[in-house]
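Here's coords-v5.pdb, which has PDB, C-alpha atoms, pLDDT in the B column:
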```pdb
ATOM      1  CA  MET A   1      59.437 -44.544   0.657  1.00 51.00           C
ATOM      2  CA  ASP A   2      58.435 -40.968   0.137  1.00 59.00           C
ATOM      3  CA  LYS A   3      56.197 -39.378   2.685  1.00 60.00           C
ATOM      4  CA  VAL A   4      52.958 -37.837   1.615  1.00 55.00           C
ATOM      5  CA  VAL A   5      52.925 -34.172   2.521  1.00 59.00           C
ATOM      6  CA  GLN A   6      49.592 -33.032   3.857  1.00 64.00           C
ATOM      7  CA  GLU A   7      48.835 -29.498   2.747  1.00 79.00           C
ATOM      8  CA  ARG A   8      45.931 -27.320   3.652  1.00 84.00           C
ATOM      9  CA  VAL A   9      44.508 -24.304   1.885  1.00 86.00           C
ATOM     10  CA  ALA A  10      45.783 -21.024   3.303  1.00 87.00           C
ATOM     11  CA  ARG A  11      43.479 -19.113   5.640  1.00 89.00           C
ATOM     12  CA  LEU A  12      42.601 -16.145   3.453  1.00 90.00           C
ATOM     13  CA  PRO A  13      41.449 -18.090   0.359  1.00 91.00           C
ATOM     14  CA  TRP A  14      39.542 -20.540   2.563  1.00 91.00           C
ATOM     15  CA  ARG A  15      37.757 -17.733   4.383  1.00 92.00           C
ATOM     16  CA  LEU A  16      36.892 -15.992   1.121  1.00 92.00           C
ATOM     17  CA  ALA A  17      35.375 -19.194  -0.279  1.00 92.00           C
ATOM     18  CA  LEU A  18      33.514 -19.776   2.976  1.00 92.00           C
ATOM     19  CA  ALA A  19      32.143 -16.216   2.809  1.00 93.00           C
ATOM     20  CA  ALA A  20      30.993 -16.864  -0.765  1.00 92.00           C
ATOM     21  CA  ALA A  21      29.131 -19.974   0.378  1.00 91.00           C
ATOM     22  CA  ALA A  22      27.576 -18.039   3.267  1.00 92.00           C
ATOM     23  CA  VAL A  23      26.426 -15.208   0.976  1.00 90.00           C
ATOM     24  CA  THR A  24      24.833 -17.705  -1.392  1.00 87.00           C
ATOM     25  CA  ALA A  25      23.182 -19.573   1.486  1.00 88.00           C
ATOM     26  CA  VAL A  26      21.690 -16.339   2.847  1.00 87.00           C
ATOM     27  CA  ALA A  27      20.468 -15.386  -0.638  1.00 82.00           C
ATOM     28  CA  THR A  28      18.906 -18.839  -1.048  1.00 80.00           C
ATOM     29  CA  VAL A  29      17.097 -18.597   2.289  1.00 81.00           C
ATOM     30  CA  CYS A  30      15.877 -15.072   1.535  1.00 80.00           C
ATOM     31  CA  ALA A  31      14.648 -16.149  -1.890  1.00 75.00           C
ATOM     32  CA  ALA A  32      12.839 -19.115  -0.352  1.00 73.00           C
ATOM     33  CA  ILE A  33      11.151 -16.924   2.266  1.00 75.00           C
ATOM     34  CA  ALA A  34      10.307 -13.933   0.066  1.00 73.00           C
ATOM     35  CA  GLY A  35       9.343 -15.916  -2.996  1.00 67.00           C
ATOM     36  CA  MET A  36      11.485 -16.710  -5.968  1.00 65.00           C
ATOM     37  CA  GLY A  37       9.610 -14.948  -8.738  1.00 67.00           C
ATOM     38  CA  ASP A  38      10.508 -16.466 -12.077  1.00 71.00           C
ATOM     39  CA  ILE A  39      13.267 -18.737 -10.774  1.00 74.00           C
ATOM     40  CA  PRO A  40      12.527 -22.308  -9.659  1.00 76.00           C
ATOM     41  CA  GLY A  41      13.876 -23.329  -6.256  1.00 75.00           C
ATOM     42  CA  VAL A  42      16.149 -25.932  -7.816  1.00 80.00           C
ATOM     43  CA  VAL A  43      18.226 -23.174  -9.432  1.00 81.00           C
ATOM     44  CA  HIS A  44      19.085 -21.694  -6.038  1.00 80.00           C
ATOM     45  CA  LEU A  45      20.040 -25.109  -4.690  1.00 83.00           C
ATOM     46  CA  VAL A  46      22.263 -25.789  -7.712  1.00 86.00           C
ATOM     47  CA  LEU A  47      23.971 -22.425  -7.216  1.00 86.00           C
ATOM     48  CA  LEU A  48      24.508 -23.205  -3.542  1.00 87.00           C
ATOM     49  CA  ALA A  49      26.032 -26.576  -4.430  1.00 90.00           C
ATOM     50  CA  ALA A  50      28.266 -24.972  -7.066  1.00 90.00           C
ATOM     51  CA  VAL A  51      29.606 -22.390  -4.606  1.00 91.00           C
ATOM     52  CA  ALA A  52      30.349 -25.147  -2.093  1.00 91.00           C
ATOM     53  CA  LEU A  53      32.379 -27.204  -4.612  1.00 91.00           C
ATOM     54  CA  PRO A  54      35.747 -25.548  -3.889  1.00 91.00           C
ATOM     55  CA  LEU A  55      35.292 -26.215  -0.175  1.00 91.00           C
ATOM     56  CA  LEU A  56      35.460 -29.942  -0.894  1.00 91.00           C
ATOM     57  CA  SER A  57      39.116 -29.633  -1.929  1.00 87.00           C
ATOM     58  CA  GLY A  58      40.440 -28.224   1.323  1.00 83.00           C
ATOM     59  CA  ALA A  59      43.386 -30.629   1.408  1.00 85.00           C
ATOM     60  CA  ALA A  60      44.593 -29.757  -2.099  1.00 87.00           C
ATOM     61  CA  PRO A  61      45.494 -26.060  -2.407  1.00 88.00           C
ATOM     62  CA  ALA A  62      46.151 -26.115  -6.152  1.00 87.00           C
ATOM     63  CA  ALA A  63      42.834 -27.843  -6.887  1.00 88.00           C
ATOM     64  CA  PHE A  64      41.085 -25.422  -4.533  1.00 91.00           C
ATOM     65  CA  CYS A  65      42.424 -22.391  -6.414  1.00 90.00           C
ATOM     66  CA  ARG A  66      41.466 -23.837  -9.799  1.00 89.00           C
ATOM     67  CA  ALA A  67      38.002 -24.792  -8.563  1.00 90.00           C
ATOM     68  CA  CYS A  68      37.483 -21.277  -7.171  1.00 91.00           C
ATOM     69  CA  LEU A  69      38.546 -19.803 -10.503  1.00 90.00           C
ATOM     70  CA  LEU A  70      36.273 -22.009 -12.609  1.00 88.00           C
ATOM     71  CA  VAL A  71      33.235 -21.759 -10.335  1.00 91.00           C
ATOM     72  CA  GLY A  72      33.772 -18.018  -9.839  1.00 90.00           C
ATOM     73  CA  THR A  73      33.851 -17.244 -13.562  1.00 88.00           C
ATOM     74  CA  THR A  74      30.859 -19.463 -14.253  1.00 86.00           C
ATOM     75  CA  LEU A  75      28.860 -17.797 -11.487  1.00 88.00           C
ATOM     76  CA  LEU A  76      29.928 -14.388 -12.771  1.00 87.00           C
ATOM     77  CA  TRP A  77      28.304 -15.162 -16.117  1.00 83.00           C
ATOM     78  CA  VAL A  78      25.243 -16.629 -14.424  1.00 83.00           C
ATOM     79  CA  SER A  79      24.840 -13.586 -12.183  1.00 83.00           C
ATOM     80  CA  ILE A  80      25.179 -11.147 -15.082  1.00 81.00           C
ATOM     81  CA  LEU A  81      22.655 -12.984 -17.226  1.00 78.00           C
ATOM     82  CA  GLY A  82      20.349 -13.787 -14.304  1.00 78.00           C
ATOM     83  CA  ALA A  83      20.374 -10.354 -12.633  1.00 76.00           C
ATOM     84  CA  ARG A  84      17.068  -9.569 -14.291  1.00 76.00           C
ATOM     85  CA  PHE A  85      15.557 -12.623 -12.610  1.00 74.00           C
ATOM     86  CA  GLY A  86      16.897 -11.933  -9.117  1.00 74.00           C
ATOM     87  CA  LEU A  87      20.233 -13.737  -9.199  1.00 78.00           C
ATOM     88  CA  TRP A  88      22.273 -10.599  -8.448  1.00 78.00           C
ATOM     89  CA  PRO A  89      23.448 -11.821  -4.990  1.00 79.00           C
ATOM     90  CA  VAL A  90      25.439 -14.496  -6.828  1.00 85.00           C
ATOM     91  CA  LEU A  91      27.638 -11.686  -8.188  1.00 88.00           C
ATOM     92  CA  LEU A  92      29.151 -11.115  -4.740  1.00 90.00           C
ATOM     93  CA  ALA A  93      29.803 -14.837  -4.304  1.00 91.00           C
ATOM     94  CA  SER A  94      31.479 -15.026  -7.716  1.00 90.00           C
ATOM     95  CA  LEU A  95      33.734 -12.063  -6.916  1.00 90.00           C
ATOM     96  CA  LEU A  96      34.684 -13.629  -3.573  1.00 92.00           C
ATOM     97  CA  LEU A  97      35.564 -16.905  -5.306  1.00 92.00           C
ATOM     98  CA  LEU A  98      37.633 -15.073  -7.915  1.00 89.00           C
ATOM     99  CA  ALA A  99      39.493 -13.282  -5.121  1.00 91.00           C
ATOM    100  CA  ALA A 100      40.046 -16.610  -3.355  1.00 91.00           C
ATOM    101  CA  SER A 101      41.521 -18.107  -6.520  1.00 89.00           C
ATOM    102  CA  VAL A 102      44.354 -15.577  -6.580  1.00 88.00           C
ATOM    103  CA  ALA A 103      44.779 -14.962  -2.829  1.00 88.00           C
ATOM    104  CA  ASP A 104      47.234 -17.822  -2.274  1.00 84.00           C
ATOM    105  CA  ARG A 105      50.685 -16.788  -3.491  1.00 83.00           C
ATOM    106  CA  ALA A 106      51.998 -20.349  -3.268  1.00 82.00           C
ATOM    107  CA  ASN A 107      49.393 -21.706  -5.727  1.00 81.00           C
ATOM    108  CA  PRO A 108      48.562 -19.091  -8.355  1.00 78.00           C
ATOM    109  CA  PRO A 109      46.370 -20.191 -11.248  1.00 80.00           C
ATOM    110  CA  GLY A 110      48.350 -20.959 -14.383  1.00 80.00           C
ATOM    111  CA  CYS A 111      47.854 -19.721 -17.911  1.00 82.00           C
ATOM    112  CA  ALA A 112      45.859 -22.788 -18.959  1.00 80.00           C
ATOM    113  CA  SER A 113      43.531 -22.430 -15.968  1.00 77.00           C
ATOM    114  CA  MET A 114      42.909 -18.783 -16.804  1.00 80.00           C
ATOM    115  CA  ALA A 115      42.174 -19.598 -20.449  1.00 83.00           C
ATOM    116  CA  LEU A 116      39.839 -22.419 -19.472  1.00 79.00           C
ATOM    117  CA  ALA A 117      38.074 -20.209 -16.944  1.00 79.00           C
ATOM    118  CA  GLY A 118      37.591 -17.546 -19.576  1.00 80.00           C
ATOM    119  CA  MET A 119      36.217 -19.836 -22.256  1.00 83.00           C
ATOM    120  CA  LEU A 120      34.254 -22.462 -20.343  1.00 77.00           C
ATOM    121  CA  PRO A 121      31.303 -20.348 -19.099  1.00 74.00           C
ATOM    122  CA  PRO A 122      30.427 -18.865 -22.505  1.00 78.00           C
ATOM    123  CA  VAL A 123      30.553 -22.331 -24.043  1.00 80.00           C
ATOM    124  CA  PHE A 124      28.233 -23.698 -21.336  1.00 74.00           C
ATOM    125  CA  LEU A 125      25.813 -20.822 -21.867  1.00 73.00           C
ATOM    126  CA  LEU A 126      25.917 -21.194 -25.644  1.00 79.00           C
ATOM    127  CA  VAL A 127      25.203 -24.912 -25.402  1.00 78.00           C
ATOM    128  CA  GLY A 128      22.466 -24.238 -22.839  1.00 72.00           C
ATOM    129  CA  PHE A 129      20.757 -21.712 -25.107  1.00 76.00           C
ATOM    130  CA  CYS A 130      21.015 -24.047 -28.098  1.00 79.00           C
ATOM    131  CA  LEU A 131      19.495 -26.984 -26.205  1.00 73.00           C
ATOM    132  CA  ALA A 132      16.824 -25.035 -24.318  1.00 69.00           C
ATOM    133  CA  PRO A 133      13.294 -25.545 -25.645  1.00 68.00           C
ATOM    134  CA  PHE A 134      11.676 -22.209 -26.386  1.00 59.00           C
TER     135      PHE A 134
END
```
Please rewrite the model in this file as structure tokens.
Amino acid sequence: MDKVVQERVARLPWRLALAAAAVTAVATVCAAIAGMGDIPGVVHLVLLAAVALPLLSGAAPAAFCRACLLVGTTLLWVSILGARFGLWPVLLASLLLLAASVADRANPPGCASMALAGMLPPVFLLVGFCLAPF
């Protein structure tokens, strides 16, 4: 029988993703203390959960890199569109996740992952704007 090889995510990408989660957690706490303005508290909790998603795949380096890429690009779009409403700290977390997605030389994101990461966030935002009641 073949042995299952246990792999872990390399240190640098893991630390970058952990820093992204920490930045988002600090921004969520600061927003909760200082007041959230126009943004409901649920939005900050959803962003915190989204940033923590790649950390759940610590035993699968390829899945970790793809999750960092997809979450990072989605949060980049969210931070750009939500900067007016106080979501600018998410920009730093998205850049950290994008750096984590390419930091592991053994598991670089493929062409299909890059294309999906580029097209998925605009599609989500387009669908969100079409379904949002105004």
task = Would you mind listing what lies within 8 Å of Trp88 (chain A) as number ranges by chain, with all atoms listed in the file counted and same-chain residues fewer than 6 positions away left out?
result = A: 79-80, 82
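Matched in the shown structure by the PyMOL selection byres ((chain A and resi 9) around 8): Glu7, Arg8, Ala10, Arg11, Pro13, Trp14, Gly58, Ala59, Ala60, Pro61 and Phe64 of chain A.
Residues lying within 12 Å of (41.2, -11.3, -7.0). Counted over only C-alpha atoms, they are A:Leu12, A:Pro13, A:Leu16, A:Ala17, A:Cys65, A:Cys68, A:Leu69, A:Gly72, A:Thr73, A:Ser94, A:Leu95, A:Leu96, A:Leu97, A:Leu98, A:Ala99, A:Ala100, A:Ser101, A:Val102, A:Ala103, A:Asp104, A:Arg105, A:Pro108, A:Pro109.
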ask   = Please, which residues are within 12 Å of (15.9, -19.4, -1.1) by the file's coordinates, counting only C-alpha atoms, and could they come as a VMD selection string?
value = chain A and resid 23 to 37 39 to 48 86 to 87 89
Padding of 4 Å on every side, edges along x, y and z, all listed atoms of region 109-116 of chain A included: what centre and edge lengths in Å, to one decimal, does that box have, as AutoDock Vina command-line options?
```
--center_x 44.1 --center_y -20.8 --center_z -15.8 --size_x 16.5 --size_y 12.0 --size_z 17.2
```
ask   = What is the CA of Leu18 (chain A)-CA of Leu55 (chain A) distance in Å, reported with one decimal?
value = 7.4 Å
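What separates CA of Val90 (chain A) from CA of Val51 (chain A) is a distance of 9.2 Å.
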query = Of the candidates A:Leu70, A:Leu125, A:Leu131, A:Ala22, which shows the shortest atom-to-atom distance to Ser113 (chain A), using all atoms listed in the file?
reply = A:Leu70
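Residue nearest Val123 (chain A), chosen from A:Ser57, A:Ala63, A:Thr74, A:Leu92 and counting all atoms listed in the file: A:Thr74.
As for CA of Leu120 (chain A) and CA of Trp77 (chain A), they are spaced 10.3 Å apart.
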